[in-house]
Structure formats: C-alpha cells, structure tokens
Amino acid sequence: MRNIVKRASLLASAALVLMACGGKEAKKNAVEAKEVSPVSKTKMLDIEKPQLTFGFIKLTDMAPLAIAKEKGFFEDEGLFVSVEAQSNWKNVLDRVIDGQLDGSHMLAGQPIAAGAGFGRQAELVTPFSMDLNGNGITVSNDVWSKMKPNVPADNEGKPIHPIKADALKPVIAEYKNSGKPFKMGMVFPVSTHNYEIRYWLAAAGIHPGMYTADNVQGQIDAEVLLSVTPPPQMPATLESGTIYGYCVGEPWNQQAVFKGIGVPVTTNYDIWKNNPEKVFVMTKQFVEQNPNTAIAVTKALIRAGKWLDEPSNRAEAVKILAMSQYVGAPEEVLANSMTGTFEFEKGDKREMPDFNVFYKYNATYPFYSDGIWFLTQMRRWGQIPETKPADWYGETIKDIYRPDIWKKAADLLVAEGQIPASDIPNTDGYKPATTDFIDGTSYDAKDPIGYINSFSIGNKD
C-alpha cells in the first residue's frame with residue numbers, strides 16, 4: 001500500500017513538471033528523476049503470504065517489530081502484519097510451532113532448545129537477531145542493603161561497577177543460616193536471563209543448580225533457587241517477597257527502581273559485553289513454503305533495527321513502545337534505558353549508550369557463534385544431559401540460525417540504497433574469540449568443549 005502511494009506521488013510530481021515547463025528538456029529531467037528514485041529501483045518480491053500474524057512479549061527488545069509496523073517497513077515489502085502480545089514464553093513457542101503465529105519475538109535459546117533435545121521439539125529457524133544487551137539483575141531493597149557494604153565505592157561514595165556476585169555471597173550465607181533458601185527469578189529455563197544469572201553467580205563461586213534428564217527444575221545442588229516468573233510479573237513477585245531478586249529485560253528492572261522496591265546491581269552488558277539477546281523465529285516449514293515472504297520480513301526488520309539505532313529516533317521509539325498494544329509501560333520508565341542511560345540505586349543514573357543495541361556491531365546478523373554459546377550453557381548446566389562431540393555444536397546451530405536468509409535480505413537493501421554495503425559483515429558466521437565476560441574467561445565458538453571444561457562449576461566433557 002505504502003509503495004503504491006509513493007509511486008503515485010512520484011508520477012504526479014513528474015506530470016506537474018511536464019505541464020509547467022513543457023518541452024523535451026523538462027520531460028527528460030522528469031524521466032531522469034524517476035530513474036534515480038530509490039522507490040523506482042525497488043523490485044517487490046513475489047510474496048507468497050502477505051497477511052501475517054507475529055507474536056511478542058511485552059519487553060523493550062520487541063521494538064523492531066513495533067517499528068517495522070508503525071513506520072510502514074512491513075507495508076513497503078507488501079506485507080500486512082498484525083503484531084500480538086502473548087502471555088508467556090511457553091505460549092509464544094507453542095503458538096509458533098502450532099502455526100497460530102507465523103513468527104515471533106523469541107528467546108534465543110528457544111529455537112535452539114527445540115532443535116537440540118530440551119523441552120518441546122520442533123524445527124525452528126531464525127534469520128534475524130533482534131538486539132544486543134538489554135537485561136539486568138535486580139535485588140530487593142533488603143538484599144541490596146546487605147550487599148552494599150561488600151561493594152567498593154568511588155570518591156563520591158557511589159558503587160563501582162560492574163558489581164560481581166561476590167558481594168551477594170555472604171548475604172546468601174546469612175539467609176541460609178536463618179533457615180531461608182535464597183530464591184531468585186528468571187524468565188524461562190532456556191532464556192538468556194537464566195544463563196546470565198547462572199554465569200554471574202557461578203563466576204563468584206555460587207552454585208546456581210543443575211538440571212538432569214529426570215529433574216528439569218535446575219535446582220540440584222543449588223545455593224540459589226532459580227524459578228520462572230513471566231517478565232511483567234517480576235516487580236510484583238519481588239515486592240511480595242516470593243523472590244529476592246531476578247534477571248529480566250527492560251522495562252522491568254527500571255520499574256523496580258521507579259516503584260522503590262528494588263535495585264538493579266548489574267546489566268548483562270557487564271556480564272558479557274554486547275551479548276546476543278532475542279531473535280525472530282519462524283518454523284522451517286514456513287520458510288521453505290514462503291521463502292520470499294521470509295526474506296521480505298527480514299528486510300523490514302533490518303530496516304527497523306537501523307532506524308532504532310539512530311539516536312534521534314529513540315524518543316519517538318519510546319512513545320511507540322509505551323502504546324498499550326506494545327509494551328504499555330510509562331514513557332519515563334522506558335526512556336530510562338532506551339535513551340542511553342540506566343538507573344541503578346534511586347538517583348544513581350549512569351550513561352549506558354549501548355544498553356540497547358538494535359543494529360550497531362552487526363546486531364541483526366544471526367552469528368553461529370552466538371547460538372553455540374547457548375548450546376554450551378545448556379550442556380554446562382545439564383539441560384543437554386549427555387556429552388556431545390565438538391562438531392555437533394556447529395552442525396546443530398547451522399540448522400537453526402540462517403544467515404543465508406539475512407544475507408539475501410541485506411543484499412536487496414543495499415541495492416535499494418536502504419543500507420550501505422559496509423554494514424554486511426564479511427564472516428564465516430563465527431565471531432573472533434572473546435574475553436568480554438565479567439570473569440575474563442575466553443570464549444571460542446570453534447572450541448565448545450574446551451570452553452565448557454574451563455569452568456569450575458558445571459558439567460565437564
């Protein structure tokens with residue numbers, strides 16, 4: 001629809017030029033103007049399924065879906081998309097597998113677990129990574145009051161970040177000695193949040209618990225009992241005292257600050273700098289039956305990511321996300337993280353320009369190495385109960401992560417002048433080895449067994 005309007009407007013403009021000026025020269029100029037228009041160079045794909053329904057959970061990292069719809073990027077591709085909020089991550093997974101949703105905002109671990117043998121099995125694929133970073137770990141006011149004396153302070157008396165879980169360790173011991181198990185929340189067993197809070201705890205020598213084939217609660221030998229709480233319910237669950245802290249995406253850490261019920265102590269940027277977060281997922285069957293539709297969807301989402309990472313657009317993005325049909329949180333809460341800052345203890349607002357990244361650093365590209373990291377964590381904590389050979393990790397992820405679809409979409413965007421060619425990474429799908437973790441451990445996706453075995457807590461292969 002939007003393309004039709006644009007083309008009609010262009011033709012009308014050309015006609016006015018001809019009427020006003022007359023003559024061959026004016027006609028030549030109008031034709032030349034039409035030939036260099038980005039719209040006239042766009043070749044619409046033959047869309048197999050133009051009417052689509054996508055799902056999401058009410059988190060700020062669903063933003064590419066909201067922006068692609070509100071800014072007309074889906075319509076530019078001949079797609080007519082409904083975007084619907086879902087109640088929880090299990091519901092998201094089930095509705096995509098059952099075909100009730102054509103695709104969805106999803107935890108990166110969900111399509112991976114579905115293909116690797118943990119939980120409900122299905123053939124799911126992701127051609128698009130939705131964002132980097134965006135999560136935090138928040139504790140109750142009582143826990144923070146006990147942690148704070150263990151945290152080094154700067155000359156102004158403010159806590160020095162990153163705050164490691166070492167500061168929490170004596171608090172956990174105190175709770176245990178008083179007969180209270182230390183309970184924390186995360187959003188889903190295969191969520192980034194589960195692996196991040198486990199990584200943060202284990203880096204300080206705190207055991208977060210193991211999974212086995214017979215015990216899927218993940219609390220075997222646990223010093224901290226981790227349980228599932230849907231993201232929007234996190235602050236209320238913390239306030240009720242059911243849990244003493246949680247790991248979640250925004251805006252639910254900042255909501256705890258605004259309500260005065262908790263303090264974010266670290267972000268996942270500090271746990272793993274520029275870590276992958278959510279992905280956009282469709283079934284393998286959908287992609288095989290609707291290949292052009294999958295490319296068109298990916299094109300629109302890449303454009304949305306690029307739009308979001310223009311700093312001048314973030315204020316508008318906050319207004320869109322605050323709408324009830326999307327995240328529905330107050331604008332001031334969303335703006336606290338979406339506009340390049342993050343508030344920890346009340347009044348301690350710090351610059352964090354990369355707290356939410358939607359396009360920079362090749363954020364939209366589905367790197368195999370990102371997916372393999374999730375597999376290593378599933379094995380480390382026992383969700384994958386048996387030893388796997390090193391090549392299994394790469395083979396498994398290549399059935400799920402689909403940079404080939406991303407590349408086709410990006411190449412078309414380059415041809416249309418929507419993105420520069422320099423934004424397409426020259427890669428084999430693997431990022432270089434990195435030590436950008438809170439404990440300095442080196443991660444090389446091409447050596448997954450060595451990485452798993454480098455930790456003192458967790459399975460060994």
# chains A, B, ... in the order shown; residues from 1 in each chain; ligands from 1
call {"tool": "closest_atom_pairs", "arguments": {"of": "range 112-176 of chain A", "to": "range 394-402 of chain A", "cutoff": "6 Å", "atoms": "only C-alpha atoms", "output": "tab-separated table"}}
result
residue	atom	partner	partner_atom	distance
A:Val125	CA	A:Ile400	CA	4.4
A:Thr126	CA	A:Tyr401	CA	5.1
A:Pro127	CA	A:Arg402	CA	4.7
call {"tool": "residues_around", "arguments": {"residues": "range 103-115 of chain A", "least_positions_apart": "3", "cutoff": "8 Å", "atoms": "only C-alpha atoms", "output": "ChimeraX atom specification"}}
result
/A:53-57,62,65,89,92-93,96,118-126,130,190-192,276-283,371,374-375,396-397,400
call {"tool": "atom_distance", "arguments": {"atom1": "CA of Pro251 in chain A", "atom2": "CA of Leu334 in chain A"}}
result
5.8 Å
call {"tool": "residues_around", "arguments": {"residues": "Ala315 in chain A", "least_positions_apart": "4", "cutoff": "8 Å", "atoms": "only C-alpha atoms", "output": "tab-separated table (two decimals) with N, CA, C and O atoms, in the first residue's frame"}}
result
chain	number	residue	atom	x	y	z
A	319	LYS	N	7.85	6.53	22.67
A	319	LYS	CA	6.42	6.82	22.59
A	319	LYS	C	5.66	5.66	21.95
A	319	LYS	O	4.55	5.31	22.38
A	335	ALA	N	12.15	5.25	28.84
A	335	ALA	CA	13.23	6.16	28.44
A	335	ALA	C	14.48	5.98	29.30
A	335	ALA	O	15.58	6.28	28.85
A	339	THR	N	17.08	5.48	26.10
A	339	THR	CA	17.70	6.71	25.60
A	339	THR	C	19.15	6.84	26.05
A	339	THR	O	19.70	7.94	26.12
call {"tool": "closest_residue", "arguments": {"among": "A:Met378, A:Val151, A:Leu412, A:Ile47", "to": "Met210 in chain A", "atoms": "only C-alpha atoms"}}
result
A:Met378
call {"tool": "atom_distance", "arguments": {"atom1": "CA of Gln285 in chain A", "atom2": "CA of Gln86 in chain A"}}
result
22.1 Å
call {"tool": "select_by_dssp", "arguments": {"residues": "range 55-98 of chain A", "states": "strand (DSSP E)", "output": "list in words"}}
result
Gly55, Phe56, Phe80, Val81, Ser82, Val83, Glu84 and Ala85 of chain A
call {"tool": "closest_residue", "arguments": {"among": "A:Glu250, A:Asp61, A:Glu316, A:Asp439", "to": "Phe342 in chain A", "atoms": "only C-alpha atoms"}}
result
A:Glu250
call {"tool": "residues_around", "arguments": {"residues": "Gly440 in chain A", "least_positions_apart": "5", "cutoff": "10 Å", "atoms": "only C-alpha atoms", "output": "number ranges by chain"}}
result
A: 203, 271-272, 434-435
call {"tool": "closest_residue", "arguments": {"among": "A:Asp370, A:Glu332, A:Glu416, A:Glu84", "to": "Lys431 in chain A", "atoms": "only C-alpha atoms"}}
result
A:Asp370
call {"tool": "select_by_dssp", "arguments": {"residues": "range 76-280 of chain A", "states": "alpha helix (DSSP H)", "output": "VMD selection string"}}
result
chain A and resid 76 89 to 97 109 to 116 141 to 147 169 to 177 192 to 202 234 to 240 252 to 259 268 to 271
call {"tool": "atom_distance", "arguments": {"atom1": "CA of Gly458 in chain A", "atom2": "CA of Ile243 in chain A"}}
result
23.8 Å
call {"tool": "residues_around", "arguments": {"residues": "Ala173 in chain A", "least_positions_apart": "2", "cutoff": "12 Å", "atoms": "only C-alpha atoms", "output": "NGL selection string"}}
result
:A and (143 or 146-147 or 166-171 or 175-182 or 206 or 223-224)
call {"tool": "write_last_selection", "arguments": {"atoms": "all heavy atoms", "output": "compact mmCIF listing (two decimals), in the first residue's frame"}}
result
# COMPACT_ATOMS: atom_id res chain seq x y z
N VAL A 143 17.99 -7.07 50.35
CA VAL A 143 19.21 -7.74 49.88
C VAL A 143 20.28 -6.70 49.53
O VAL A 143 21.46 -6.87 49.88
CB VAL A 143 18.90 -8.66 48.68
CG1 VAL A 143 20.19 -9.18 48.05
CG2 VAL A 143 18.02 -9.83 49.13
N LYS A 146 22.20 -5.30 52.40
CA LYS A 146 23.20 -6.24 52.92
C LYS A 146 24.38 -6.41 51.95
O LYS A 146 25.51 -6.68 52.38
CB LYS A 146 22.56 -7.60 53.19
CG LYS A 146 21.53 -7.58 54.33
CD LYS A 146 20.87 -8.96 54.48
CE LYS A 146 20.03 -9.05 55.75
NZ LYS A 146 18.85 -8.17 55.72
N MET A 147 24.13 -6.26 50.67
CA MET A 147 25.19 -6.36 49.65
C MET A 147 26.10 -5.14 49.64
O MET A 147 27.31 -5.25 49.46
CB MET A 147 24.59 -6.51 48.24
CG MET A 147 24.10 -7.88 47.85
SD MET A 147 23.48 -7.86 46.13
CE MET A 147 25.01 -7.63 45.19
N ASP A 166 30.19 -11.73 44.05
CA ASP A 166 30.96 -11.88 45.29
C ASP A 166 30.31 -11.10 46.43
O ASP A 166 30.34 -11.53 47.59
CB ASP A 166 32.39 -11.37 45.09
CG ASP A 166 33.12 -12.11 43.98
OD1 ASP A 166 32.78 -11.87 42.81
OD2 ASP A 166 34.01 -12.92 44.29
N ALA A 167 29.72 -9.95 46.10
CA ALA A 167 29.07 -9.12 47.13
C ALA A 167 27.80 -9.76 47.66
O ALA A 167 27.34 -9.43 48.75
CB ALA A 167 28.76 -7.74 46.55
N LEU A 168 27.22 -10.68 46.87
CA LEU A 168 25.99 -11.36 47.28
C LEU A 168 26.27 -12.61 48.11
O LEU A 168 25.41 -13.04 48.90
CB LEU A 168 25.18 -11.73 46.03
CG LEU A 168 23.84 -12.44 46.23
CD1 LEU A 168 22.86 -11.53 47.00
CD2 LEU A 168 23.24 -12.83 44.88
N LYS A 169 27.45 -13.16 47.97
CA LYS A 169 27.75 -14.46 48.59
C LYS A 169 27.52 -14.47 50.10
O LYS A 169 26.85 -15.39 50.62
CB LYS A 169 29.19 -14.86 48.25
CG LYS A 169 29.47 -16.33 48.46
CD LYS A 169 30.81 -16.71 47.83
CE LYS A 169 31.00 -18.22 47.91
NZ LYS A 169 32.23 -18.66 47.22
N PRO A 170 28.02 -13.50 50.86
CA PRO A 170 27.74 -13.52 52.31
C PRO A 170 26.27 -13.33 52.65
O PRO A 170 25.81 -13.79 53.70
CB PRO A 170 28.61 -12.38 52.86
CG PRO A 170 28.90 -11.51 51.70
CD PRO A 170 28.93 -12.40 50.50
N VAL A 171 25.53 -12.65 51.79
CA VAL A 171 24.10 -12.46 52.02
C VAL A 171 23.36 -13.79 51.89
O VAL A 171 22.49 -14.12 52.70
CB VAL A 171 23.51 -11.42 51.03
CG1 VAL A 171 22.03 -11.17 51.34
CG2 VAL A 171 24.31 -10.13 51.07
N TYR A 175 21.13 -15.75 54.78
CA TYR A 175 19.77 -16.27 54.59
C TYR A 175 19.74 -17.76 54.94
O TYR A 175 18.81 -18.24 55.61
CB TYR A 175 19.30 -16.04 53.16
CG TYR A 175 18.63 -14.70 52.93
CD1 TYR A 175 19.35 -13.52 53.07
CD2 TYR A 175 17.29 -14.61 52.58
CE1 TYR A 175 18.75 -12.28 52.85
CE2 TYR A 175 16.69 -13.39 52.36
CZ TYR A 175 17.42 -12.22 52.50
OH TYR A 175 16.81 -11.01 52.30
N LYS A 176 20.74 -18.49 54.47
CA LYS A 176 20.80 -19.93 54.72
C LYS A 176 20.89 -20.22 56.22
O LYS A 176 20.20 -21.11 56.74
CB LYS A 176 21.99 -20.55 53.98
CG LYS A 176 22.10 -22.05 54.15
CD LYS A 176 23.30 -22.61 53.39
CE LYS A 176 23.41 -24.12 53.59
NZ LYS A 176 24.59 -24.67 52.87
N ASN A 177 21.70 -19.46 56.92
CA ASN A 177 21.88 -19.67 58.36
C ASN A 177 20.61 -19.37 59.14
O ASN A 177 20.41 -19.89 60.25
CB ASN A 177 23.03 -18.81 58.89
CG ASN A 177 24.38 -19.28 58.36
OD1 ASN A 177 24.53 -20.44 57.99
ND2 ASN A 177 25.35 -18.37 58.32
N SER A 178 19.76 -18.51 58.57
CA SER A 178 18.50 -18.20 59.24
C SER A 178 17.37 -19.11 58.78
O SER A 178 16.20 -18.89 59.12
CB SER A 178 18.12 -16.73 58.99
OG SER A 178 17.89 -16.50 57.62
N GLY A 179 17.73 -20.13 57.99
CA GLY A 179 16.74 -21.13 57.55
C GLY A 179 15.93 -20.74 56.35
O GLY A 179 14.91 -21.37 56.05
N LYS A 180 16.36 -19.69 55.61
CA LYS A 180 15.61 -19.26 54.43
C LYS A 180 16.42 -19.54 53.16
O LYS A 180 17.52 -18.99 52.99
CB LYS A 180 15.32 -17.75 54.51
CG LYS A 180 14.34 -17.37 55.62
CD LYS A 180 13.83 -15.94 55.44
CE LYS A 180 14.92 -14.90 55.56
NZ LYS A 180 14.39 -13.52 55.51
N PRO A 181 15.91 -20.40 52.27
CA PRO A 181 16.60 -20.60 50.99
C PRO A 181 16.56 -19.31 50.18
O PRO A 181 15.57 -18.55 50.23
CB PRO A 181 15.79 -21.70 50.31
CG PRO A 181 14.44 -21.65 50.95
CD PRO A 181 14.66 -21.19 52.36
N PHE A 182 17.62 -19.02 49.45
CA PHE A 182 17.71 -17.78 48.68
C PHE A 182 17.10 -18.01 47.30
O PHE A 182 17.59 -18.81 46.52
CB PHE A 182 19.16 -17.32 48.56
CG PHE A 182 19.29 -15.86 48.20
CD1 PHE A 182 19.31 -14.89 49.18
CD2 PHE A 182 19.35 -15.47 46.87
CE1 PHE A 182 19.41 -13.55 48.86
CE2 PHE A 182 19.45 -14.14 46.53
CZ PHE A 182 19.48 -13.16 47.52
N ILE A 206 29.24 -19.28 43.39
CA ILE A 206 27.91 -19.59 43.92
C ILE A 206 27.24 -20.59 42.97
O ILE A 206 27.08 -20.30 41.78
CB ILE A 206 27.05 -18.32 44.05
CG1 ILE A 206 27.73 -17.29 44.95
CG2 ILE A 206 25.65 -18.66 44.56
CD1 ILE A 206 27.10 -15.90 44.87
N GLU A 223 22.75 -23.35 45.49
CA GLU A 223 22.84 -22.42 46.62
C GLU A 223 21.84 -21.27 46.44
O GLU A 223 21.49 -20.59 47.41
CB GLU A 223 24.26 -21.86 46.73
CG GLU A 223 25.30 -22.91 47.09
CD GLU A 223 26.70 -22.32 47.07
OE1 GLU A 223 27.07 -21.67 48.08
OE2 GLU A 223 27.42 -22.51 46.07
N VAL A 224 21.41 -21.05 45.20
CA VAL A 224 20.36 -20.09 44.89
C VAL A 224 19.29 -20.85 44.10
O VAL A 224 19.60 -21.50 43.10
CB VAL A 224 20.89 -18.91 44.05
CG1 VAL A 224 19.75 -18.04 43.56
CG2 VAL A 224 21.88 -18.09 44.86
call {"tool": "closest_residue", "arguments": {"among": "A:Ile302, A:Met338, A:Ile137, A:Val83", "to": "Ala66 in chain A", "atoms": "only C-alpha atoms"}}
result
A:Val83
call {"tool": "residues_around", "arguments": {"residues": "Asp46 in chain A", "least_positions_apart": "5", "cutoff": "12 Å", "atoms": "only C-alpha atoms", "output": "compact mmCIF listing (two decimals) with C-alpha atoms, in the first residue's frame"}}
result
# COMPACT_ATOMS: atom_id res chain seq x y z
CA GLU A 77 7.59 -5.08 1.37
CA GLY A 78 3.97 -5.88 0.51
CA LEU A 79 3.31 -7.37 3.94
CA ASN A 290 7.26 -18.96 1.81
CA PRO A 291 10.90 -18.13 1.00
CA ASN A 292 10.25 -14.66 -0.43
CA THR A 293 8.00 -13.78 2.49
CA ALA A 294 10.77 -14.74 4.91
CA ILE A 295 13.24 -12.51 3.05
CA ALA A 296 10.75 -9.62 2.96
